[in-house]
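Novice: Next comes target08.txt, compact mmCIF, C-alpha atoms:
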```txt
# COMPACT_ATOMS: atom_id res chain seq x y z
CA MET A 1 84.32 97.58 113.57
CA ILE A 2 85.66 100.53 115.49
CA PRO A 3 86.17 100.61 119.26
CA VAL A 4 84.66 103.34 121.41
CA GLY A 5 87.15 106.20 121.68
CA PHE A 6 89.68 106.01 124.49
CA ALA A 7 92.69 107.84 125.85
CA TYR A 8 96.06 106.21 125.28
CA GLU A 9 99.27 106.09 127.31
CA ARG A 10 102.43 104.22 126.50
CA PRO A 11 104.60 104.24 129.63
CA SER A 12 108.31 103.64 129.13
CA SER A 13 108.69 101.35 132.14
CA VAL A 14 106.75 98.93 134.35
CA ASP A 15 106.91 101.55 137.13
CA GLY A 16 105.31 104.05 134.78
CA ALA A 17 102.57 101.55 133.93
CA LEU A 18 101.95 100.87 137.63
CA ALA A 19 101.69 104.62 138.36
CA LEU A 20 99.06 104.96 135.63
CA LEU A 21 97.19 101.91 136.93
CA ALA A 22 97.25 103.31 140.46
CA GLU A 23 95.78 106.57 139.20
CA HIS A 24 93.18 105.18 136.78
CA GLY A 25 92.68 101.56 137.96
CA GLU A 26 89.04 100.74 137.25
CA GLU A 27 88.70 102.89 134.12
CA ALA A 28 91.89 101.66 132.51
CA SER A 29 92.80 98.48 130.69
CA VAL A 30 96.30 97.26 130.11
CA MET A 31 97.01 96.23 126.53
CA ALA A 32 99.95 94.05 125.56
CA GLY A 33 99.44 92.22 122.25
CA GLY A 34 95.80 93.25 122.32
CA HIS A 35 94.59 90.00 120.83
CA SER A 36 92.03 89.35 123.54
CA LEU A 37 91.23 92.96 124.47
CA LEU A 38 91.03 94.67 121.10
CA PRO A 39 88.50 92.20 119.62
CA VAL A 40 86.11 92.73 122.53
CA MET A 41 86.64 96.50 122.26
CA LYS A 42 85.79 96.33 118.56
CA LEU A 43 82.60 94.44 119.43
CA ARG A 44 82.00 97.16 122.07
CA LEU A 45 81.74 94.52 124.77
CA ALA A 46 84.50 96.48 126.52
CA ALA A 47 85.01 100.23 126.48
CA PRO A 48 87.92 101.22 128.72
CA GLU A 49 88.46 104.96 129.06
CA LEU A 50 92.20 104.56 129.02
CA ILE A 51 94.48 102.04 127.35
CA ILE A 52 97.86 101.58 128.98
CA ASP A 53 100.02 100.08 126.25
CA ILE A 54 102.76 97.80 127.59
CA SER A 55 103.48 96.11 124.27
CA LYS A 56 106.86 97.81 123.88
CA LEU A 57 108.13 97.16 127.43
CA SER A 58 111.06 94.88 126.66
CA GLU A 59 111.75 94.44 130.38
CA LEU A 60 108.66 92.18 130.47
CA SER A 61 109.87 89.88 127.70
CA TYR A 62 112.17 87.07 128.84
CA VAL A 63 112.38 83.35 129.55
CA LYS A 64 115.01 82.26 132.07
CA VAL A 65 115.81 79.52 134.54
CA ASP A 66 115.60 80.75 138.11
CA GLY A 67 116.40 78.08 140.70
CA ASP A 68 113.86 75.25 140.53
CA GLU A 69 111.60 77.28 138.26
CA VAL A 70 111.43 78.88 134.84
CA ALA A 71 110.51 82.57 134.99
CA ILE A 72 108.67 84.00 132.01
CA GLY A 73 108.10 87.72 131.61
CA SER A 74 104.41 88.50 131.20
CA GLY A 75 105.05 90.39 127.97
CA THR A 76 106.66 87.37 126.31
CA LYS A 77 104.89 86.64 123.05
CA HIS A 78 103.42 83.21 122.34
CA ARG A 79 105.83 82.85 119.45
CA THR A 80 108.77 83.35 121.78
CA VAL A 81 107.38 80.85 124.29
CA GLU A 82 106.78 78.39 121.44
CA ALA A 83 110.35 78.68 120.19
CA SER A 84 112.11 78.96 123.56
CA GLU A 85 114.96 76.50 123.97
CA VAL A 86 114.84 77.01 127.72
CA LEU A 87 111.21 75.94 127.82
CA ALA A 88 111.81 73.09 125.38
CA ALA A 89 114.27 71.69 127.92
CA GLU A 90 112.67 72.70 131.21
CA ALA A 91 108.89 72.90 130.65
CA PRO A 92 108.17 71.55 127.18
CA LEU A 93 104.42 71.41 127.85
CA LEU A 94 104.25 75.20 127.95
CA ALA A 95 106.05 75.63 124.62
CA ALA A 96 103.86 72.98 123.01
CA VAL A 97 100.66 74.57 124.29
CA ALA A 98 101.76 78.03 123.13
CA ARG A 99 102.18 76.53 119.66
CA THR A 100 98.44 75.69 119.62
CA VAL A 101 97.27 79.23 120.42
CA GLY A 102 95.43 80.89 117.52
CA ASP A 103 97.62 81.06 114.42
CA PRO A 104 101.10 82.41 113.61
CA GLN A 105 99.88 86.02 113.29
CA VAL A 106 98.13 85.81 116.65
CA ARG A 107 101.22 84.27 118.23
CA HIS A 108 103.34 87.12 116.89
CA ARG A 109 101.28 89.57 118.97
CA GLY A 110 99.63 87.77 121.90
CA THR A 111 101.48 87.40 125.19
CA ILE A 112 101.42 84.83 127.97
CA GLY A 113 100.58 87.48 130.57
CA GLY A 114 97.75 88.83 128.46
CA SER A 115 96.33 85.35 128.00
CA LEU A 116 96.44 84.64 131.74
CA ALA A 117 95.03 88.07 132.66
CA HIS A 118 92.13 87.75 130.23
CA ALA A 119 90.92 84.77 132.30
CA ASP A 120 88.98 83.07 129.54
CA PRO A 121 88.35 79.44 130.61
CA ALA A 122 88.55 78.47 126.91
CA SER A 123 92.17 79.70 126.66
CA ASP A 124 94.93 77.13 126.38
CA LEU A 125 97.72 78.64 128.46
CA PRO A 126 95.93 79.05 131.83
CA ALA A 127 95.19 75.31 131.97
CA ALA A 128 98.77 74.52 131.01
CA VAL A 129 100.15 76.72 133.78
CA LEU A 130 97.60 75.09 136.09
CA ALA A 131 98.80 71.60 135.17
CA LEU A 132 102.38 72.74 135.70
CA GLY A 133 101.53 74.08 139.16
CA GLY A 134 102.74 77.54 138.24
CA THR A 135 102.59 80.92 139.95
CA VAL A 136 101.43 84.34 138.80
CA VAL A 137 103.55 87.28 140.00
CA LEU A 138 101.59 90.51 140.42
CA ARG A 139 103.01 93.98 140.98
CA SER A 140 101.43 97.21 142.10
CA PRO A 141 102.78 100.33 143.81
CA ARG A 142 101.82 98.50 147.03
CA GLY A 143 104.36 95.77 146.33
CA THR A 144 104.81 92.40 144.69
CA ARG A 145 102.90 89.21 145.47
CA SER A 146 102.96 85.69 144.09
CA VAL A 147 99.65 83.89 143.66
CA PRO A 148 99.56 80.15 142.92
CA ILE A 149 97.59 79.69 139.71
CA THR A 150 95.25 77.39 141.66
CA GLU A 151 94.09 80.49 143.58
CA PHE A 152 94.25 83.00 140.73
CA TYR A 153 90.97 82.55 138.88
CA THR A 154 87.58 83.42 140.38
CA GLY A 155 85.27 83.07 137.37
CA VAL A 156 84.81 83.76 133.68
CA PHE A 157 87.06 86.72 132.78
CA SER A 158 87.80 87.34 136.46
CA SER A 159 90.70 86.74 138.79
CA VAL A 160 92.11 87.94 142.11
CA LYS A 161 94.18 90.55 140.25
CA GLU A 162 93.31 93.97 141.69
CA PRO A 163 92.70 96.93 139.34
CA ASP A 164 96.06 98.47 140.26
CA GLU A 165 98.00 95.25 139.74
CA LEU A 166 99.93 94.12 136.68
CA ILE A 167 100.98 90.55 135.95
CA VAL A 168 104.75 90.86 135.56
CA GLU A 169 105.90 87.25 135.57
CA ILE A 170 104.73 83.67 135.31
CA ARG A 171 106.77 81.00 137.08
CA VAL A 172 106.52 77.27 136.41
CA PRO A 173 108.46 74.42 138.01
CA ARG A 174 111.19 72.82 135.94
CA THR A 175 109.58 69.59 134.71
CA GLY A 176 111.85 68.74 131.82
CA GLY A 177 112.03 65.04 132.59
CA ALA A 178 108.32 64.49 133.24
CA GLY A 179 105.89 63.05 130.70
CA TRP A 180 103.54 65.62 129.23
CA ALA A 181 100.90 66.02 126.56
CA TYR A 182 98.32 68.49 125.35
CA GLU A 183 95.14 67.40 123.64
CA LYS A 184 93.05 70.16 122.11
CA PHE A 185 89.80 69.48 120.30
CA THR A 186 88.63 72.16 117.89
CA ARG A 187 85.92 72.26 115.25
CA ARG A 188 88.08 74.19 112.77
CA ALA A 189 91.71 75.26 112.51
CA ASN A 190 92.54 78.13 114.89
CA ASP A 191 89.25 77.82 116.79
CA TRP A 192 89.04 77.96 120.55
CA ALA A 193 89.24 74.57 122.22
CA VAL A 194 85.86 72.90 122.61
CA VAL A 195 87.77 71.08 125.34
CA GLY A 196 91.48 70.87 126.02
CA VAL A 197 93.48 68.67 128.39
CA ALA A 198 97.01 69.44 129.55
CA VAL A 199 98.91 66.71 131.36
CA VAL A 200 102.30 66.88 133.02
CA ASP A 201 103.81 64.82 135.80
CA GLY A 202 100.48 63.25 136.78
CA ARG A 203 98.63 66.57 136.96
CA VAL A 204 95.73 67.30 134.65
CA GLY A 205 94.51 70.77 133.61
CA LEU A 206 91.19 71.17 131.79
CA VAL A 207 90.35 73.87 129.22
CA ASN A 208 86.74 75.03 128.81
CA MET A 209 85.22 72.65 131.34
CA GLY A 210 83.87 75.29 133.72
CA GLN A 211 83.98 78.92 134.80
CA THR A 212 87.74 78.77 135.26
CA PRO A 213 90.51 76.46 134.11
CA LEU A 214 90.24 73.37 136.28
CA ARG A 215 92.33 70.52 137.60
CA ALA A 216 90.86 67.06 137.10
CA THR A 217 91.45 66.24 140.76
CA ALA A 218 89.56 62.93 140.78
CA THR A 219 91.73 61.71 137.92
CA GLU A 220 94.90 62.88 139.63
CA GLU A 221 93.95 61.18 142.90
CA ALA A 222 93.08 57.94 141.13
CA LEU A 223 96.42 57.98 139.32
CA ALA A 224 98.27 58.63 142.57
CA ALA A 225 96.42 55.68 144.12
CA GLY A 226 97.59 53.42 141.31
CA ALA A 227 94.55 53.34 139.03
CA SER A 228 94.99 52.52 135.36
CA ILE A 229 94.97 55.35 132.83
CA ALA A 230 91.60 54.20 131.51
CA ASP A 231 90.02 54.12 134.97
CA ALA A 232 91.54 57.44 136.00
CA ALA A 233 90.55 59.19 132.76
CA ALA A 234 86.95 58.04 133.23
CA LEU A 235 86.83 60.43 136.21
CA ALA A 236 88.14 63.48 134.32
CA ASP A 237 84.79 65.28 134.18
CA GLN A 238 83.91 64.70 137.84
CA GLY A 239 82.91 67.89 139.58
CA THR A 240 82.91 69.94 136.39
CA GLU A 241 80.07 72.05 135.00
CA PRO A 242 81.15 72.72 131.44
CA PRO A 243 79.43 75.39 129.35
CA GLU A 244 76.87 74.61 126.65
CA ASP A 245 77.13 76.44 123.36
CA LEU A 246 77.03 75.87 119.62
CA ALA A 247 80.28 73.92 119.81
CA GLY A 248 78.79 71.31 122.08
CA THR A 249 76.44 70.30 124.84
CA ARG A 250 77.50 69.83 128.44
CA GLU A 251 77.39 66.06 128.09
CA TYR A 252 79.45 66.20 124.90
CA ARG A 253 82.13 68.21 126.68
CA ARG A 254 82.14 65.74 129.56
CA HIS A 255 82.66 62.94 127.06
CA LEU A 256 85.45 64.86 125.33
CA ALA A 257 87.18 65.52 128.65
CA ARG A 258 87.26 61.81 129.44
CA VAL A 259 88.46 60.80 125.98
CA LEU A 260 91.09 63.54 125.69
CA THR A 261 92.36 62.89 129.20
CA LYS A 262 92.87 59.23 128.35
CA ARG A 263 94.76 60.19 125.19
CA ALA A 264 96.86 62.80 126.96
CA LEU A 265 97.73 60.48 129.86
CA THR A 266 98.65 57.74 127.39
CA THR A 267 100.92 60.08 125.41
CA ALA A 268 102.47 61.46 128.60
CA ALA A 269 103.22 57.90 129.72
CA GLY A 270 105.09 57.34 126.48
CA GLY A 271 102.35 55.36 124.79
CA MET B 1 92.53 112.94 121.66
CA THR B 2 94.99 112.28 118.88
CA VAL B 3 98.45 110.81 119.09
CA LYS B 4 101.27 111.42 116.67
CA VAL B 5 102.60 108.22 115.11
CA GLU B 6 105.67 107.69 112.99
CA ILE B 7 105.61 104.41 111.14
CA THR B 8 108.02 103.29 108.44
CA VAL B 9 105.86 101.75 105.74
CA ASN B 10 107.50 99.91 102.87
CA GLY B 11 110.75 101.68 103.67
CA GLU B 12 109.33 105.19 103.71
CA SER B 13 108.70 107.31 106.79
CA THR B 14 105.07 108.12 107.38
CA SER B 15 103.55 110.23 110.09
CA ALA B 16 100.07 111.33 111.16
CA ASP B 17 98.07 112.49 114.13
CA VAL B 18 95.63 109.65 114.71
CA GLU B 19 92.93 108.66 117.14
CA PRO B 20 94.22 105.89 119.41
CA ARG B 21 91.38 103.68 118.23
CA LEU B 22 92.51 103.80 114.60
CA LEU B 23 93.38 100.30 113.43
CA LEU B 24 96.62 99.72 111.58
CA ALA B 25 94.63 98.33 108.62
CA HIS B 26 92.75 101.63 108.33
CA TYR B 27 95.93 103.66 108.75
CA LEU B 28 97.41 101.81 105.79
CA ARG B 29 94.30 101.93 103.62
CA ASP B 30 92.75 105.28 104.48
CA GLN B 31 95.63 107.46 105.68
CA LEU B 32 98.22 106.18 103.23
CA GLY B 33 95.95 104.91 100.44
CA LEU B 34 97.63 101.50 100.39
CA LYS B 35 94.61 99.45 99.40
CA GLY B 36 96.56 96.25 98.83
CA THR B 37 95.86 95.30 102.44
CA ASN B 38 92.31 93.92 102.44
CA VAL B 39 89.99 93.88 105.42
CA GLY B 40 87.99 90.68 105.33
CA CYS B 41 86.39 89.39 108.51
CA ASP B 42 87.62 92.22 110.77
CA THR B 43 87.75 89.68 113.64
CA THR B 44 91.34 88.32 113.54
CA SER B 45 90.15 85.20 111.76
CA CYS B 46 90.60 85.41 108.00
CA GLY B 47 94.09 86.89 107.69
CA ALA B 48 93.30 89.01 104.59
CA CYS B 49 94.74 92.07 106.39
CA THR B 50 98.06 90.38 107.21
CA VAL B 51 101.11 92.68 107.00
CA LEU B 52 104.61 92.41 108.39
CA LEU B 53 105.34 94.37 111.56
CA ASP B 54 109.10 94.48 112.09
CA GLY B 55 109.26 91.48 109.76
CA GLU B 56 106.64 89.33 111.51
CA SER B 57 103.16 88.60 110.16
CA VAL B 58 100.34 90.28 112.08
CA LYS B 59 96.67 90.87 111.37
CA SER B 60 96.43 94.62 110.93
CA CYS B 61 92.72 94.66 111.86
CA THR B 62 93.79 93.74 115.38
CA VAL B 63 96.72 96.12 115.88
CA LEU B 64 96.23 99.76 116.79
CA ALA B 65 98.14 102.17 114.57
CA VAL B 66 99.57 103.73 117.76
CA GLN B 67 101.01 100.34 118.69
CA ALA B 68 103.01 100.33 115.45
CA ASP B 69 104.57 103.70 116.30
CA GLN B 70 108.34 103.71 115.69
CA GLN B 71 108.09 100.33 113.98
CA SER B 72 108.37 99.14 110.42
CA VAL B 73 105.47 97.82 108.36
CA THR B 74 105.66 95.97 105.06
CA THR B 75 102.57 95.53 102.88
CA MET B 76 102.02 93.72 99.61
CA GLU B 77 102.86 96.95 97.77
CA GLY B 78 106.30 97.05 99.35
CA LEU B 79 107.41 93.52 98.53
CA SER B 80 108.31 93.82 94.87
CA SER B 81 110.34 96.55 93.20
CA ASP B 82 108.04 96.57 90.15
CA PRO B 83 105.57 94.24 88.38
CA GLU B 84 108.34 92.78 86.23
CA ASN B 85 110.57 92.04 89.22
CA LEU B 86 108.26 90.30 91.62
CA HIS B 87 109.39 89.19 95.04
CA PRO B 88 109.86 85.36 95.00
CA VAL B 89 106.63 84.72 96.92
CA PRO B 90 104.20 86.65 94.69
CA ALA B 91 106.18 85.37 91.68
CA ALA B 92 105.51 81.82 92.84
CA PHE B 93 101.84 82.60 93.44
CA ARG B 94 101.68 83.74 89.81
CA ALA B 95 103.61 80.76 88.46
CA GLU B 96 101.60 78.19 90.45
CA HIS B 97 98.29 80.03 90.01
CA GLY B 98 97.99 80.36 93.77
CA LEU B 99 94.85 82.45 93.62
CA GLN B 100 91.32 82.39 92.36
CA CYS B 101 89.33 85.56 93.23
CA GLY B 102 92.45 87.11 94.75
CA PHE B 103 90.91 88.68 97.85
CA CYS B 104 92.94 86.60 100.29
CA THR B 105 96.11 86.85 98.22
CA PRO B 106 97.86 89.83 99.85
CA GLY B 107 97.34 88.29 103.28
CA MET B 108 98.40 84.85 102.06
CA VAL B 109 101.54 86.28 100.49
CA MET B 110 102.52 88.28 103.56
CA ALA B 111 101.86 85.31 105.86
CA ALA B 112 103.97 83.15 103.54
CA VAL B 113 106.84 85.65 103.56
CA SER B 114 106.86 85.56 107.36
CA LEU B 115 106.58 81.77 107.40
CA LEU B 116 109.56 81.36 105.07
CA GLU B 117 111.56 83.84 107.13
CA GLU B 118 111.08 81.58 110.16
CA ASN B 119 111.29 78.29 108.27
CA PRO B 120 113.06 78.63 104.89
CA LYS B 121 112.46 75.00 103.81
CA PRO B 122 109.07 73.98 105.19
CA THR B 123 107.38 70.67 104.52
CA GLU B 124 103.95 70.75 102.95
CA LYS B 125 102.42 70.09 106.36
CA GLN B 126 104.35 73.00 107.84
CA VAL B 127 103.12 75.26 105.05
CA ARG B 128 99.53 74.25 105.71
CA GLU B 129 99.95 74.80 109.45
CA GLY B 130 101.84 78.04 108.86
CA LEU B 131 98.95 79.42 106.81
CA GLU B 132 96.42 78.34 109.42
CA GLY B 133 95.54 81.98 110.06
CA ASN B 134 94.57 82.72 106.46
CA LEU B 135 91.30 81.72 104.86
CA CYS B 136 90.68 81.33 101.13
CA ARG B 137 86.94 81.15 100.60
CA CYS B 138 87.46 80.02 97.02
CA THR B 139 89.09 77.08 98.84
CA GLY B 140 92.08 77.38 96.54
CA TYR B 141 94.51 76.13 99.12
CA HIS B 142 96.15 73.49 96.99
CA ASN B 143 97.91 75.86 94.61
CA ILE B 144 98.63 78.33 97.41
CA VAL B 145 100.53 75.61 99.25
CA ARG B 146 102.33 74.69 96.04
CA ALA B 147 103.25 78.33 95.52
CA VAL B 148 104.78 78.61 98.98
CA LEU B 149 106.76 75.40 98.47
CA ALA B 150 107.96 76.69 95.10
CA ALA B 151 108.92 80.03 96.64
CA SER B 152 111.09 78.12 99.11
CA GLY B 153 113.02 76.64 96.19
CA GLN B 154 111.43 73.20 96.47
CA ASP B 155 109.65 71.23 93.80
CA PRO B 156 106.02 71.21 94.99
CA ASP B 157 105.58 67.70 93.63
CA LYS B 158 108.48 66.34 95.62
CA ALA B 159 108.48 68.32 98.87
CA GLU B 160 108.44 66.29 102.04
CA GLY B 161 104.96 65.55 103.27
CA SER B 162 103.41 66.20 99.90
CA GLU B 163 101.67 62.83 99.68
CA PRO B 164 97.99 63.61 99.30
CA ASP B 165 96.93 60.86 101.66
CA VAL B 166 99.02 62.33 104.45
CA VAL B 167 98.02 65.99 104.52
CA ALA B 168 95.33 66.48 101.94
CA PRO B 169 92.94 63.54 102.21
CA GLY B 170 90.33 63.61 99.50
CA PHE B 171 92.48 65.42 97.01
CA SER B 172 93.37 63.27 94.07
CA THR B 173 96.21 64.02 91.71
CA GLY B 174 95.51 60.90 89.70
CA SER B 175 94.22 60.85 86.17
CA GLY B 176 90.60 61.74 85.75
CA ALA B 177 90.54 63.77 88.96
```
Can the structure from this file be put into structure tokens for me?
Specialist:
Amino acid sequence: MIPVGFAYERPSSVDGALALLAEHGEEASVMAGGHSLLPVMKLRLAAPELIIDISKLSELSYVKVDGDEVAIGSGTKHRTVEASEVLAAEAPLLAAVARTVGDPQVRHRGTIGGSLAHADPASDLPAAVLALGGTVVLRSPRGTRSVPITEFYTGVFSSVKEPDELIVEIRVPRTGGAGWAYEKFTRRANDWAVVGVAVVDGRVGLVNMGQTPLRATATEEALAAGASIADAAALADQGTEPPEDLAGTREYRRHLARVLTKRALTTAAGG
Amino acid sequence: MTVKVEITVNGESTSADVEPRLLLAHYLRDQLGLKGTNVGCDTTSCGACTVLLDGESVKSCTVLAVQADQQSVTTMEGLSSDPENLHPVPAAFRAEHGLQCGFCTPGMVMAAVSLLEENPKPTEKQVREGLEGNLCRCTGYHNIVRAVLAASGQDPDKAEGSEPDVVAPGFSTGSGA
């Protein structure tokens, strides 16, 4: 399968990428690892006129402790996130979730910023950042702004990111001491999650349970009020409208969300 | 539009003016004539097109040739100096009969080379997980896993996690199997 033809620019800096985005915005797509974008271009579901290739911008690839948070450059590959000693100590959930993305070849190319920007509710990392209470840092020639991940997503494949903005950094609180777990249910190896549940420090992020990654707020509130794990997990699908597809019906996904939440909360509690 | 790319392939400099939409797999096969890299599913699933990009396994059906500009690619053809001096991984695939029809083999071998680079002494479970991105539709996984364990210098019958009931339920090594 061959994508529709497109023009190609490979800026040598983030500023260069932002200048191109400011000029071409709507017609352009940013490509990092290309593992979400290129497949949809090959299927001709997307046909950007210009690809702005940021895959070689090393200034976007880093993991570092910054105050109470860990800052991760948007161009950091899943493999790097997976193997990061900083994340293993400070936000182990994120490293563990990165390890479940695709397969080793995919993780050698795909980036955390690309995954978050693609805004697929079936992706693992957005729900993990959501459970962590993280922040997305966006840059454009107009300036830099930080958007809490709770306010970032607006629907399937859509977010508050403007056409001239680039995700440059993801920030997550340091939660090294908190219990965490990720439960991902797939039909086959390296499939998308039918449902996934990320738990850390009493917060619960849901994969593929609606138009965007979601927090299981009823479960979180029940836990905070002292409910048992079993009782709290029974509320995990409250307020969700999961998709129906060949991988499962809506009711099946609701069931999975409750079961996986119970497992994840139990693991996070050390059980 | 075309873009000039310079890619080191199997240690040799290559260069061409290519359309940005040209996939790395097609650059290797059609521009350079290196047909050892197979295109299977063409959807980042099967791993038949796996090559090394700066030493790391990638699926070349999902990398643009322009994205490999100024980088180094290794394909199956570049692993071994000649058929009598096989690289340890393809040598182990031969010794353990780690192939049936052979279509997935180049991708399996390149994925295994990358896996062993990152984890030189994997357990059987780690081999199976490390080859998660490669499909063998002959379902010949058992000997492929043995080959990778052998290539790592381990005895496939004694490697950690090699108990069939742990990682390969349903597979019997007992008599009469």
Novice: Region 136-143 of chain B: which residues within 9 Å, counting all atoms listed in the file, same-chain residues fewer than 4 positions away excluded, as JSON, numbers by chain?
Specialist: {"B": [46, 48, 93, 96, 97, 98, 99, 100, 101, 102, 103, 104, 105, 108, 128, 147, 148, 168, 171]}
Novice: Would you output that residue set with C-alpha atoms, as a PDB file, in the coordinates of the input?
Specialist:
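And here is the file that came out, out-v8.pdb:
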```
ATOM      1  CA  CYS B  46      90.600  85.410 108.000  1.00  0.00           C
ATOM      2  CA  ALA B  48      93.300  89.010 104.590  1.00  0.00           C
ATOM      3  CA  PHE B  93     101.840  82.600  93.440  1.00  0.00           C
ATOM      4  CA  GLU B  96     101.600  78.190  90.450  1.00  0.00           C
ATOM      5  CA  HIS B  97      98.290  80.030  90.010  1.00  0.00           C
ATOM      6  CA  GLY B  98      97.990  80.360  93.770  1.00  0.00           C
ATOM      7  CA  LEU B  99      94.850  82.450  93.620  1.00  0.00           C
ATOM      8  CA  GLN B 100      91.320  82.390  92.360  1.00  0.00           C
ATOM      9  CA  CYS B 101      89.330  85.560  93.230  1.00  0.00           C
ATOM     10  CA  GLY B 102      92.450  87.110  94.750  1.00  0.00           C
ATOM     11  CA  PHE B 103      90.910  88.680  97.850  1.00  0.00           C
ATOM     12  CA  CYS B 104      92.940  86.600 100.290  1.00  0.00           C
ATOM     13  CA  THR B 105      96.110  86.850  98.220  1.00  0.00           C
ATOM     14  CA  MET B 108      98.400  84.850 102.060  1.00  0.00           C
ATOM     15  CA  ARG B 128      99.530  74.250 105.710  1.00  0.00           C
ATOM     16  CA  ALA B 147     103.250  78.330  95.520  1.00  0.00           C
ATOM     17  CA  VAL B 148     104.780  78.610  98.980  1.00  0.00           C
ATOM     18  CA  ALA B 168      95.330  66.480 101.940  1.00  0.00           C
ATOM     19  CA  PHE B 171      92.480  65.420  97.010  1.00  0.00           C
TER      20      PHE B 171
END
```
Novice: Go through B:Gly33, B:Gln67, B:Asn38, B:Asp54 and flag the residue nearest Glu6 (chain B), using only C-alpha atoms for the distances.
Specialist: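 Using only C-alpha atoms, the shortest distance to Glu6 (chain B) belongs to B:Gln67.
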Novice: So that I can check the surroundings of Tyr62 (chain A), please list as a VMD selection string every protein, DNA and RNA residue that reaches within 8 Å of it, counting all atoms listed in the file and ignoring chain neighbours fewer than 3 positions away.
Specialist: chain A and resid 59 71 to 73 75 to 76
Novice: Using all atoms listed in the file, determine which residues lie at most 9 Å from region 84-92 of chain B, disregarding the query and same-chain residues fewer than 4 positions distant; provide the list as a count of residues only.
Specialist: 20
Novice: Find the nearest atom pair between each residue of chain A and chain B for residues within 8 Å, count all atoms listed in the file, give distances in Å to one decimal, sort rows by chain and ascending number, and present the table as a tab-separated table.
Specialist:
```
residue	atom	partner	partner_atom	distance
A:Met1	CA	B:Asp42	CA	6.9
A:Ile2	CA	B:Arg21	CA	7.1
A:Pro3	CA	B:Arg21	CA	6.1
A:Val4	CA	B:Arg21	CA	7.4
A:Gly5	CA	B:Arg21	CA	6.0
A:Phe6	CA	B:Pro20	CA	6.8
A:Ala7	CA	B:Met1	CA	6.6
A:Tyr8	CA	B:Pro20	CA	6.2
A:Gly33	CA	B:Val63	CA	7.9
A:Gly34	CA	B:Val63	CA	7.1
A:His35	CA	B:Thr62	CA	6.7
A:Leu38	CA	B:Thr62	CA	6.4
A:Pro39	CA	B:Thr43	CA	6.5
A:Asp53	CA	B:Gln67	CA	7.6
A:Ser55	CA	B:Gln67	CA	7.4
A:Gly102	CA	B:Gly133	CA	7.5
A:Asp103	CA	B:Gly133	CA	4.9
A:Pro104	CA	B:Gly130	CA	6.5
A:Gln105	CA	B:Val58	CA	4.5
A:Val106	CA	B:Val58	CA	6.8
A:His108	CA	B:Val58	CA	6.5
A:Arg109	CA	B:Val58	CA	7.0
A:Ala189	CA	B:Glu132	CA	6.4
A:Asn190	CA	B:Glu132	CA	6.7
```
Novice: Could you name the residues that touch region 13-20 of chain A at 7 Å or less, counting all atoms listed in the file, but leaving out those on the same chain fewer than 2 positions away, as a PyMOL selection string?
Specialist: chain A and resi 11+22-24+52+57+140-141+164
Novice: Residues as selected, C-alpha atoms, written as an mmCIF file, keeping the file's coordinate frame, can you do that?
Specialist:
```cif
data_model
loop_
_atom_site.group_PDB
_atom_site.id
_atom_site.type_symbol
_atom_site.label_atom_id
_atom_site.label_comp_id
_atom_site.auth_asym_id
_atom_site.auth_seq_id
_atom_site.Cartn_x
_atom_site.Cartn_y
_atom_site.Cartn_z
ATOM 1 C CA PRO A 11 104.600 104.240 129.630
ATOM 2 C CA ALA A 22 97.250 103.310 140.460
ATOM 3 C CA GLU A 23 95.780 106.570 139.200
ATOM 4 C CA HIS A 24 93.180 105.180 136.780
ATOM 5 C CA ILE A 52 97.860 101.580 128.980
ATOM 6 C CA LEU A 57 108.130 97.160 127.430
ATOM 7 C CA SER A 140 101.430 97.210 142.100
ATOM 8 C CA PRO A 141 102.780 100.330 143.810
ATOM 9 C CA ASP A 164 96.060 98.470 140.260
#
```
